[in-house]
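J.: My structure file query31.csv, CSV, C-alpha atoms, is below:
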chain,number,residue,atom,x,y,z
A,27,VAL,CA,0.0,0.0,0.0
A,28,ILE,CA,3.1,2.3,0.1
A,29,CYS,CA,2.9,3.7,-3.4
A,30,ASN,CA,5.5,5.0,-5.8
A,31,ALA,CA,4.9,8.5,-7.2
A,32,GLN,CA,4.6,7.1,-10.8
A,33,HIS,CA,2.4,4.1,-9.8
A,34,GLN,CA,-1.0,4.1,-11.6
A,35,GLY,CA,-4.3,2.6,-10.7
A,36,ILE,CA,-5.9,2.3,-7.3
A,37,CYS,CA,-2.6,2.8,-5.6
A,38,ASP,CA,-2.5,6.5,-6.6
A,39,TYR,CA,-6.0,7.2,-5.2
A,40,GLY,CA,-6.2,8.6,-1.7
A,41,ARG,CA,-2.5,8.7,-0.8
A,42,VAL,CA,-1.5,10.2,2.5
A,43,GLY,CA,2.2,10.2,3.3
A,44,GLY,CA,2.8,7.8,0.5
A,45,VAL,CA,0.2,5.3,1.7
A,46,SER,CA,-3.0,4.6,-0.1
A,47,VAL,CA,-5.3,4.8,2.9
A,48,LEU,CA,-8.4,3.4,1.0
A,49,TRP,CA,-6.5,0.4,-0.4
A,50,ALA,CA,-4.8,-0.1,3.0
A,51,LEU,CA,-8.2,-0.3,4.7
A,52,SER,CA,-9.5,-2.7,2.0
A,53,LEU,CA,-6.5,-5.0,2.2
A,54,THR,CA,-6.5,-5.0,6.0
A,55,ALA,CA,-10.1,-6.1,6.1
A,56,PHE,CA,-9.6,-8.7,3.2
A,57,HIS,CA,-6.6,-10.4,4.8
A,58,ALA,CA,-8.1,-10.3,8.3
A,59,ALA,CA,-11.0,-12.3,6.9
A,60,VAL,CA,-9.7,-14.3,4.0
A,61,SER,CA,-6.1,-14.9,5.0
A,62,ILE,CA,-6.5,-15.3,8.8
A,63,THR,CA,-10.1,-15.9,10.1
A,64,ILE,CA,-11.5,-18.1,7.4
A,65,PRO,CA,-8.5,-20.5,7.2
A,66,ILE,CA,-8.6,-21.0,11.0
A,67,LEU,CA,-12.4,-21.6,10.9
A,68,LEU,CA,-12.1,-24.1,8.1
A,69,VAL,CA,-9.3,-26.0,10.0
A,70,GLU,CA,-11.4,-26.1,13.2
A,71,LEU,CA,-14.5,-27.3,11.3
A,72,ALA,CA,-12.5,-30.0,9.6
A,73,ARG,CA,-11.0,-31.1,13.0
A,74,PRO,CA,-13.7,-30.2,15.6
A,75,ARG,CA,-12.1,-32.2,18.4
A,76,LEU,CA,-9.0,-29.9,18.2
A,77,ALA,CA,-11.0,-26.7,17.9
A,78,PRO,CA,-10.9,-25.8,21.6
A,79,LEU,CA,-7.2,-26.4,21.9
A,80,PRO,CA,-4.7,-23.5,21.3
A,81,TRP,CA,-2.5,-23.7,18.3
A,82,LEU,CA,0.4,-22.0,20.2
A,83,HIS,CA,1.4,-22.0,23.8
A,84,ARG,CA,3.0,-18.9,25.4
A,85,ARG,CA,6.4,-19.8,24.2
A,86,GLY,CA,5.1,-20.0,20.6
A,87,LEU,CA,3.4,-16.6,21.0
A,88,ARG,CA,6.7,-15.1,22.2
A,89,TRP,CA,8.4,-16.4,19.1
A,90,CYS,CA,5.7,-15.0,16.9
A,91,VAL,CA,6.0,-11.5,18.5
A,92,ALA,CA,9.8,-11.7,18.1
A,93,GLY,CA,9.5,-12.8,14.5
A,94,GLU,CA,7.1,-9.9,13.8
A,95,LEU,CA,9.6,-7.4,15.3
A,96,PHE,CA,12.4,-8.9,13.2
A,97,VAL,CA,10.4,-8.6,10.0
A,98,LEU,CA,9.4,-5.0,10.9
A,99,LEU,CA,13.1,-4.1,11.5
A,100,LEU,CA,14.2,-5.9,8.3
A,101,GLY,CA,11.5,-4.1,6.3
A,102,LEU,CA,12.6,-0.8,7.7
A,103,LEU,CA,16.2,-1.4,6.8
A,104,LEU,CA,15.3,-2.4,3.2
A,105,SER,CA,13.1,0.6,2.9
A,106,LEU,CA,15.9,2.9,4.0
A,107,GLY,CA,18.2,1.4,1.3
A,108,ALA,CA,15.5,1.8,-1.4
A,109,PHE,CA,14.7,5.4,-0.5
A,110,ARG,CA,18.4,6.3,-0.4
A,111,ASP,CA,18.9,4.8,-3.8
A,112,HIS,CA,16.3,7.3,-5.0
A,113,GLY,CA,18.0,10.2,-3.3
A,114,ARG,CA,15.7,10.5,-0.3
A,115,LEU,CA,16.6,10.2,3.4
A,116,GLY,CA,14.1,7.6,4.3
A,117,PRO,CA,10.6,6.3,4.3
A,118,PRO,CA,7.8,7.9,6.2
A,119,TRP,CA,7.9,6.8,9.9
A,120,GLN,CA,4.2,6.9,10.5
A,121,PRO,CA,3.3,3.5,9.1
A,122,TYR,CA,6.0,1.9,11.2
A,123,ALA,CA,4.8,3.7,14.3
A,124,ILE,CA,1.3,2.6,13.7
A,125,GLU,CA,2.4,-1.0,13.2
A,126,LEU,CA,4.4,-0.9,16.5
A,127,ALA,CA,1.3,0.5,18.3
A,128,LEU,CA,-0.9,-2.2,16.9
A,129,LEU,CA,1.6,-4.9,17.8
A,130,ALA,CA,1.8,-3.6,21.3
A,131,ALA,CA,-2.0,-3.5,21.6
A,132,CYS,CA,-2.3,-7.1,20.3
A,133,VAL,CA,0.3,-8.2,22.9
A,134,ALA,CA,-1.6,-6.4,25.6
A,135,LEU,CA,-4.9,-8.0,24.6
A,136,ALA,CA,-3.3,-11.4,24.6
A,137,LEU,CA,-2.0,-11.0,28.1
A,138,LEU,CA,-5.1,-9.5,29.6
A,139,PRO,CA,-7.5,-12.0,31.3
A,140,ARG,CA,-10.5,-12.9,29.2
A,141,TRP,CA,-13.9,-11.5,30.1
A,142,PRO,CA,-16.6,-14.1,30.7
A,143,ALA,CA,-18.7,-14.7,27.6
A,144,PRO,CA,-22.0,-12.8,27.6
A,145,GLY,CA,-25.3,-14.7,27.8
A,146,ARG,CA,-27.2,-15.5,24.7
A,147,ALA,CA,-29.5,-12.8,23.5
A,148,SER,CA,-32.9,-13.3,22.0
A,149,GLY,CA,-33.7,-12.6,18.4
A,150,ALA,CA,-34.1,-14.4,15.1
A,151,LEU,CA,-31.1,-15.5,13.1
A,152,PRO,CA,-30.8,-15.1,9.3
A,153,SER,CA,-31.0,-18.1,7.1
A,154,LEU,CA,-27.8,-19.8,5.9
A,155,TRP,CA,-28.3,-18.6,2.3
A,156,THR,CA,-28.9,-15.0,3.6
A,157,LEU,CA,-25.5,-15.2,5.4
A,158,ARG,CA,-23.8,-16.6,2.3
A,159,LEU,CA,-25.2,-13.8,0.1
A,160,LEU,CA,-24.2,-11.2,2.8
A,161,GLY,CA,-20.7,-12.7,3.0
A,162,CYS,CA,-20.3,-12.5,-0.8
A,163,LEU,CA,-21.6,-8.9,-0.8
A,164,ALA,CA,-19.3,-7.8,2.0
A,165,LEU,CA,-16.2,-9.1,0.2
A,166,THR,CA,-17.3,-7.7,-3.1
A,167,LEU,CA,-17.8,-4.3,-1.6
A,168,ASP,CA,-14.5,-4.5,0.2
A,169,LEU,CA,-12.6,-5.2,-3.1
A,170,LEU,CA,-14.6,-3.2,-5.6
A,171,LEU,CA,-15.6,0.0,-3.7
A,172,PRO,CA,-12.2,1.7,-3.9
A,173,ASN,CA,-12.0,1.1,-7.6
A,174,LEU,CA,-15.6,2.3,-8.1
A,175,GLU,CA,-15.0,5.5,-6.0
A,176,LYS,CA,-11.8,6.2,-7.9
A,177,GLY,CA,-13.7,5.8,-11.2
A,178,LEU,CA,-16.4,8.2,-10.0
A,179,ARG,CA,-13.7,10.6,-8.8
A,180,VAL,CA,-15.1,10.7,-5.3
A,181,PRO,CA,-12.8,12.6,-2.9
A,182,TYR,CA,-10.9,10.1,-0.8
A,183,GLN,CA,-12.0,11.6,2.5
A,184,PRO,CA,-15.8,10.8,2.1
A,185,ALA,CA,-14.8,7.5,0.3
A,186,LEU,CA,-12.7,6.5,3.3
A,187,ALA,CA,-15.5,7.4,5.7
A,188,LEU,CA,-18.0,5.4,3.6
A,189,ASN,CA,-15.8,2.3,3.5
A,190,ALA,CA,-15.0,2.5,7.2
A,191,GLY,CA,-18.7,2.8,7.9
A,192,VAL,CA,-19.5,-0.2,5.8
A,193,LEU,CA,-16.8,-2.2,7.6
A,194,ALA,CA,-18.0,-1.1,11.0
A,195,LEU,CA,-21.6,-1.9,10.1
A,196,ALA,CA,-20.6,-5.4,9.0
A,197,LEU,CA,-18.7,-6.1,12.2
A,198,TRP,CA,-21.5,-4.8,14.4
A,199,ARG,CA,-24.1,-6.9,12.6
A,200,LEU,CA,-21.9,-10.0,12.9
A,201,ALA,CA,-21.3,-9.4,16.6
A,202,THR,CA,-25.0,-9.0,17.2
A,203,TRP,CA,-25.9,-12.3,15.4
A,204,ALA,CA,-23.1,-14.2,17.2
A,205,ARG,CA,-24.6,-13.3,20.6
A,206,ARG,CA,-28.0,-14.7,19.8
A,207,ALA,CA,-29.2,-18.2,20.8
A,208,GLY,CA,-28.7,-20.8,18.2
A,209,TRP,CA,-25.7,-19.3,16.5
A,210,ASN,CA,-23.3,-22.1,15.7
A,211,ALA,CA,-20.6,-23.3,13.3
A,212,ARG,CA,-23.1,-23.6,10.4
A,213,HIS,CA,-23.7,-19.9,10.5
A,214,MET,CA,-20.0,-19.0,10.6
A,215,LEU,CA,-19.3,-21.4,7.7
A,216,ALA,CA,-22.1,-19.9,5.7
A,217,LEU,CA,-20.6,-16.4,6.1
A,218,ALA,CA,-17.1,-17.8,5.2
A,219,THR,CA,-18.5,-19.7,2.2
A,220,GLY,CA,-20.2,-16.5,0.9
A,221,GLY,CA,-16.9,-14.5,1.2
A,222,LEU,CA,-15.0,-17.2,-0.6
A,223,GLY,CA,-17.8,-17.5,-3.1
A,224,PHE,CA,-16.8,-14.2,-4.7
A,225,LEU,CA,-13.4,-15.6,-5.4
A,226,VAL,CA,-14.4,-19.1,-6.3
A,227,LEU,CA,-17.4,-18.3,-8.6
A,228,PHE,CA,-16.3,-15.0,-10.0
A,229,TRP,CA,-12.7,-14.0,-9.6
A,230,ASP,CA,-10.9,-17.3,-10.2
A,231,PRO,CA,-13.0,-18.0,-13.4
A,232,LEU,CA,-12.2,-14.5,-14.6
A,233,LEU,CA,-8.5,-15.1,-14.1
A,234,GLU,CA,-8.8,-18.3,-16.0
A,235,LEU,CA,-10.4,-16.6,-18.9
A,236,LEU,CA,-7.8,-13.7,-19.0
A,237,GLY,CA,-4.9,-16.2,-18.9
A,238,GLN,CA,-2.6,-13.8,-17.0
A,239,ALA,CA,-2.7,-11.0,-14.4
A,240,GLY,CA,0.2,-8.6,-13.8
A,241,GLY,CA,2.3,-10.4,-16.4
A,242,LYS,CA,1.9,-13.8,-14.6
A,243,PRO,CA,0.0,-16.8,-15.9
A,244,THR,CA,-3.3,-17.6,-14.2
A,245,ARG,CA,-4.2,-20.8,-16.0
A,246,GLY,CA,-5.4,-23.5,-13.7
A,247,THR,CA,-7.2,-21.2,-11.2
A,248,ALA,CA,-10.6,-22.6,-12.2
A,249,VAL,CA,-9.4,-26.0,-11.2
A,250,VAL,CA,-8.3,-24.7,-7.8
A,251,ALA,CA,-11.7,-22.9,-7.5
A,252,LEU,CA,-13.5,-26.2,-8.3
A,253,VAL,CA,-11.6,-28.1,-5.6
A,254,TYR,CA,-12.4,-25.4,-3.1
A,255,LEU,CA,-16.1,-25.4,-4.0
A,256,ILE,CA,-16.3,-29.2,-3.6
A,257,GLY,CA,-14.4,-29.0,-0.3
A,258,LEU,CA,-16.8,-26.3,1.1
A,259,ILE,CA,-19.8,-28.4,0.1
A,260,VAL,CA,-18.4,-31.5,1.8
A,261,LEU,CA,-17.4,-29.5,4.9
A,262,ALA,CA,-20.9,-28.0,5.1
A,263,ARG,CA,-22.5,-31.4,5.0
A,264,ARG,CA,-20.2,-32.8,7.6
A,265,THR,CA,-20.8,-29.8,9.9
A,266,THR,CA,-24.6,-30.2,9.5
A,267,ARG,CA,-24.4,-33.9,10.2
A,268,ARG,CA,-22.2,-33.4,13.3
A,269,LEU,CA,-24.5,-30.7,14.8
A,270,SER,CA,-27.7,-32.7,14.1
A,271,GLN,CA,-26.5,-35.6,16.2
A,272,PRO,CA,-27.7,-35.8,19.8
A,273,PRO,CA,-25.0,-34.4,22.1
A,274,ALA,CA,-23.3,-36.9,24.3
A,275,SER,CA,-22.9,-34.3,27.0
A,276,ALA,CA,-23.7,-30.7,27.7
A,277,THR,CA,-20.4,-29.6,26.2
A,278,PRO,CA,-21.0,-26.6,23.8
A,279,ASP,CA,-20.0,-26.6,20.2
A,280,PRO,CA,-16.1,-26.3,20.3
A,281,VAL,CA,-16.0,-24.3,17.1
A,282,ALA,CA,-18.5,-21.7,18.3
A,283,SER,CA,-17.2,-21.5,21.8
A,284,PRO,CA,-13.8,-19.7,22.5
A,285,PRO,CA,-11.2,-21.7,24.4
A,286,SER,CA,-10.5,-21.1,28.0
A,287,LEU,CA,-7.5,-18.9,29.0
A,288,SER,CA,-6.1,-21.8,31.0
A,289,LEU,CA,-5.4,-23.7,27.7
A,290,TYR,CA,-2.7,-21.1,26.9
A,291,ALA,CA,-0.5,-22.0,29.8
A,292,ASP,CA,2.9,-23.5,29.1
A,293,SER,CA,2.0,-26.7,30.8
A,294,ALA,CA,-1.1,-28.8,30.3
A,295,PRO,CA,-3.9,-28.1,32.9
A,296,SER,CA,-4.3,-30.6,35.7
A,297,THR,CA,-6.9,-33.3,35.4
A,298,SER,CA,-7.2,-34.0,39.0
The structure given in the file should be rewritten as structure tokens.
T.:
Amino acid sequence: VICNAQHQGICDYGRVGGVSVLWALSLTAFHAAVSITIPILLVELARPRLAPLPWLHRRGLRWCVAGELFVLLLGLLLSLGAFRDHGRLGPPWQPYAIELALLAACVALALLPRWPAPGRASGALPSLWTLRLLGCLALTLDLLLPNLEKGLRVPYQPALALNAGVLALALWRLATWARRAGWNARHMLALATGGLGFLVLFWDPLLELLGQAGGKPTRGTAVVALVYLIGLIVLARRTTRRLSQPPASATPDPVASPPSLSLYADSAPSTS
């Protein structure tokens, strides 16, 4: 999202301090959902018995934080060299300060004790197909709105406010539904399937027809999309079958229930 002065396209729209703020917001939301949240959800649905267990203990979390700091420092050094090659003293410091602040906030949130989960609220839940359509619409707007606003020559300030408002509305709506009774893994999978549906049913076939993007070949993306589509259908059926079985105990759905803080200890909890 840090743009060159001669860079054309969406990157030169709404630049502040060399950063395309509109594209930065869009990419942050995209990767938070598609690159992080959805893969974790799919793995937990595929292995529901492992869903309540942490993927990393405290030592692993420390290594991840150290790795992020190393990558940040390396990126800063490489940027310093690139800027000096172009006769400039260095890159803008604001993006690095923001990343450090966000990293510190994430570490603080990870160390704070977890608040008890709120009780289930009343209210109707949307159908699974409604969630799929809304998930597809959300990802479509996230990716296409900046390009549409640029084409219409909308000033970046109101465009940024609109995009941030759409994102905030989607997060609020999702948080409201997740607190209602009956919300489970099927609803989360429906939202994730809708988001991936934009890529599987539209974007990947388009890349297949074009044959290349950015000078790189894209043949075969339709095959990958078909494999993903079949996998999502199988996973949805398995999840429906698992949740329709009578529970052996009062244990809640491991995918829809967050793990306890005690699971993140370095040693396994006592079973006595």
J.: A:Ala204, A:Tyr182, A:Leu217, A:Asn210: which is nearest A:Thr156, counting all atoms listed in the file?
T.: A:Leu217
J.: Go through A:Trp49, A:Tyr254, A:Tyr39, A:Phe109 one by one, measure the shortest atom-to-atom distance of each to A:Asp168 using all atoms listed in the file, and give the residue with the smallest value.
T.: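 Ranking A:Trp49, A:Tyr254, A:Tyr39, A:Phe109 by distance to A:Asp168, first place goes to A:Trp49.
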J.: Return as a Markdown table the residues of stretch 104-178 of chain A lying at most 10 Å from stretch 187-195 of chain A, together with the closest atom-to-atom pair for each and the distance in Å to one decimal, counting all atoms listed in the file, with rows in chain order and ascending residue number.
T.:
| residue | atom | partner | partner_atom | distance |
| --- | --- | --- | --- | --- |
| A:Ala164 | CA | A:Leu193 | CA | 8.3 |
| A:Leu167 | CA | A:Asn189 | CA | 8.6 |
| A:Asp168 | CA | A:Asn189 | CA | 7.7 |
| A:Leu171 | CA | A:Asn189 | CA | 7.6 |
| A:Pro172 | CA | A:Asn189 | CA | 8.3 |
J.: Extract, using only C-alpha atoms, all DNA, RNA and protein residues at most 12 Å from A:Glu94, discarding same-chain residues fewer than 3 positions from it, and format them as JSON, numbers by chain.
T.: {"A": [87, 88, 89, 90, 91, 97, 98, 99, 100, 101, 125, 126, 128, 129, 130, 132, 133]}
J.: Just to confirm, what's the straight-line distance from atom CA of A:Ile124 to atom CA of A:Gly221 in Å (one decimal)?
T.: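 Answer for the atom CA of A:Ile124 to atom CA of A:Gly221 separation: 27.9 Å.
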J.: Using only C-alpha atoms, pick whichever of A:Ile62, A:Leu71, A:Ala207, A:Leu53 has the shortest atom-to-atom distance to A:Arg146.
T.: A:Ala207
J.: Could you please determine the separation between atom CA of A:Pro152 and atom CA of A:Trp229 in Å, to one decimal place?
T.: 26.2 Å
J.: So how many Å separate atom CA of A:Ala123 and atom CA of A:Ala185, to one decimal?
T.: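 So the two atoms, atom CA of A:Ala123 and atom CA of A:Ala185, lie 24.4 Å apart.
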J.: For A:Arg268, which of A:Pro74, A:Gly93, A:Gly44, A:Gly208 is the closest residue, counting only C-alpha atoms?
T.: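 Among the listed residues, A:Pro74 lies closest to A:Arg268.
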J.: Pick out the closest residue to A:Leu165 from this set: A:Leu269, A:Leu151, A:Ala196, A:Leu255. Count all atoms listed in the file.
T.: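 For A:Leu165, the nearest of the given residues is A:Ala196.
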J.: Compile the contact shell of A:Thr166 as a list in words: residues with an atom at most 12 Å away, counting only C-alpha atoms, same-chain residues fewer than 6 positions apart removed.
T.: Ser52, Ala55, Phe56, Leu159, Leu160, Pro172, Asn173, Leu174, Val192, Gly220, Gly221, Leu222, Gly223, Phe224, Leu225, Leu227, Phe228 and Trp229 of chain A
J.: Saving stretch 125-215 of chain A with C-alpha atoms, as an mmCIF file, in the first residue's frame, what would that file be?
T.:
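Heads up, here's the output in decode09.cif:
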data_model
loop_
_atom_site.group_PDB
_atom_site.id
_atom_site.type_symbol
_atom_site.label_atom_id
_atom_site.label_comp_id
_atom_site.auth_asym_id
_atom_site.auth_seq_id
_atom_site.Cartn_x
_atom_site.Cartn_y
_atom_site.Cartn_z
ATOM 1 C CA GLU A 125 2.391 -1.040 13.222
ATOM 2 C CA LEU A 126 4.360 -0.935 16.476
ATOM 3 C CA ALA A 127 1.349 0.517 18.279
ATOM 4 C CA LEU A 128 -0.943 -2.172 16.850
ATOM 5 C CA LEU A 129 1.563 -4.885 17.776
ATOM 6 C CA ALA A 130 1.765 -3.569 21.348
ATOM 7 C CA ALA A 131 -2.040 -3.482 21.552
ATOM 8 C CA CYS A 132 -2.300 -7.106 20.334
ATOM 9 C CA VAL A 133 0.272 -8.233 22.897
ATOM 10 C CA ALA A 134 -1.617 -6.408 25.645
ATOM 11 C CA LEU A 135 -4.913 -7.997 24.603
ATOM 12 C CA ALA A 136 -3.301 -11.440 24.592
ATOM 13 C CA LEU A 137 -1.958 -10.956 28.132
ATOM 14 C CA LEU A 138 -5.133 -9.521 29.645
ATOM 15 C CA PRO A 139 -7.535 -11.979 31.318
ATOM 16 C CA ARG A 140 -10.500 -12.930 29.200
ATOM 17 C CA TRP A 141 -13.881 -11.523 30.099
ATOM 18 C CA PRO A 142 -16.623 -14.101 30.652
ATOM 19 C CA ALA A 143 -18.712 -14.712 27.574
ATOM 20 C CA PRO A 144 -22.007 -12.780 27.643
ATOM 21 C CA GLY A 145 -25.259 -14.675 27.837
ATOM 22 C CA ARG A 146 -27.174 -15.501 24.700
ATOM 23 C CA ALA A 147 -29.508 -12.760 23.492
ATOM 24 C CA SER A 148 -32.933 -13.270 21.997
ATOM 25 C CA GLY A 149 -33.744 -12.621 18.380
ATOM 26 C CA ALA A 150 -34.096 -14.421 15.080
ATOM 27 C CA LEU A 151 -31.078 -15.539 13.101
ATOM 28 C CA PRO A 152 -30.785 -15.073 9.336
ATOM 29 C CA SER A 153 -30.980 -18.125 7.119
ATOM 30 C CA LEU A 154 -27.796 -19.774 5.915
ATOM 31 C CA TRP A 155 -28.338 -18.595 2.349
ATOM 32 C CA THR A 156 -28.861 -15.033 3.583
ATOM 33 C CA LEU A 157 -25.513 -15.247 5.382
ATOM 34 C CA ARG A 158 -23.845 -16.639 2.259
ATOM 35 C CA LEU A 159 -25.183 -13.783 0.148
ATOM 36 C CA LEU A 160 -24.170 -11.192 2.755
ATOM 37 C CA GLY A 161 -20.678 -12.679 3.013
ATOM 38 C CA CYS A 162 -20.286 -12.489 -0.764
ATOM 39 C CA LEU A 163 -21.623 -8.920 -0.815
ATOM 40 C CA ALA A 164 -19.266 -7.837 1.978
ATOM 41 C CA LEU A 165 -16.157 -9.126 0.223
ATOM 42 C CA THR A 166 -17.316 -7.742 -3.125
ATOM 43 C CA LEU A 167 -17.779 -4.268 -1.649
ATOM 44 C CA ASP A 168 -14.451 -4.456 0.156
ATOM 45 C CA LEU A 169 -12.565 -5.170 -3.069
ATOM 46 C CA LEU A 170 -14.553 -3.151 -5.594
ATOM 47 C CA LEU A 171 -15.610 -0.024 -3.691
ATOM 48 C CA PRO A 172 -12.180 1.689 -3.877
ATOM 49 C CA ASN A 173 -12.039 1.126 -7.640
ATOM 50 C CA LEU A 174 -15.625 2.343 -8.096
ATOM 51 C CA GLU A 175 -15.015 5.451 -5.991
ATOM 52 C CA LYS A 176 -11.846 6.218 -7.934
ATOM 53 C CA GLY A 177 -13.694 5.817 -11.245
ATOM 54 C CA LEU A 178 -16.413 8.201 -10.044
ATOM 55 C CA ARG A 179 -13.726 10.650 -8.839
ATOM 56 C CA VAL A 180 -15.102 10.729 -5.293
ATOM 57 C CA PRO A 181 -12.762 12.646 -2.925
ATOM 58 C CA TYR A 182 -10.889 10.140 -0.843
ATOM 59 C CA GLN A 183 -12.044 11.598 2.515
ATOM 60 C CA PRO A 184 -15.777 10.786 2.101
ATOM 61 C CA ALA A 185 -14.842 7.550 0.323
ATOM 62 C CA LEU A 186 -12.709 6.525 3.296
ATOM 63 C CA ALA A 187 -15.525 7.430 5.707
ATOM 64 C CA LEU A 188 -18.010 5.383 3.639
ATOM 65 C CA ASN A 189 -15.764 2.320 3.452
ATOM 66 C CA ALA A 190 -14.955 2.468 7.162
ATOM 67 C CA GLY A 191 -18.669 2.823 7.919
ATOM 68 C CA VAL A 192 -19.535 -0.232 5.811
ATOM 69 C CA LEU A 193 -16.842 -2.247 7.608
ATOM 70 C CA ALA A 194 -18.037 -1.078 11.040
ATOM 71 C CA LEU A 195 -21.642 -1.935 10.141
ATOM 72 C CA ALA A 196 -20.635 -5.439 9.026
ATOM 73 C CA LEU A 197 -18.666 -6.054 12.242
ATOM 74 C CA TRP A 198 -21.523 -4.763 14.417
ATOM 75 C CA ARG A 199 -24.076 -6.894 12.586
ATOM 76 C CA LEU A 200 -21.916 -9.996 12.913
ATOM 77 C CA ALA A 201 -21.288 -9.404 16.623
ATOM 78 C CA THR A 202 -25.041 -8.981 17.186
ATOM 79 C CA TRP A 203 -25.890 -12.255 15.447
ATOM 80 C CA ALA A 204 -23.102 -14.156 17.228
ATOM 81 C CA ARG A 205 -24.629 -13.303 20.640
ATOM 82 C CA ARG A 206 -28.025 -14.745 19.751
ATOM 83 C CA ALA A 207 -29.202 -18.176 20.826
ATOM 84 C CA GLY A 208 -28.732 -20.822 18.155
ATOM 85 C CA TRP A 209 -25.674 -19.268 16.520
ATOM 86 C CA ASN A 210 -23.268 -22.090 15.704
ATOM 87 C CA ALA A 211 -20.606 -23.306 13.312
ATOM 88 C CA ARG A 212 -23.060 -23.625 10.408
ATOM 89 C CA HIS A 213 -23.721 -19.883 10.457
ATOM 90 C CA MET A 214 -20.019 -19.049 10.582
ATOM 91 C CA LEU A 215 -19.294 -21.441 7.727
#
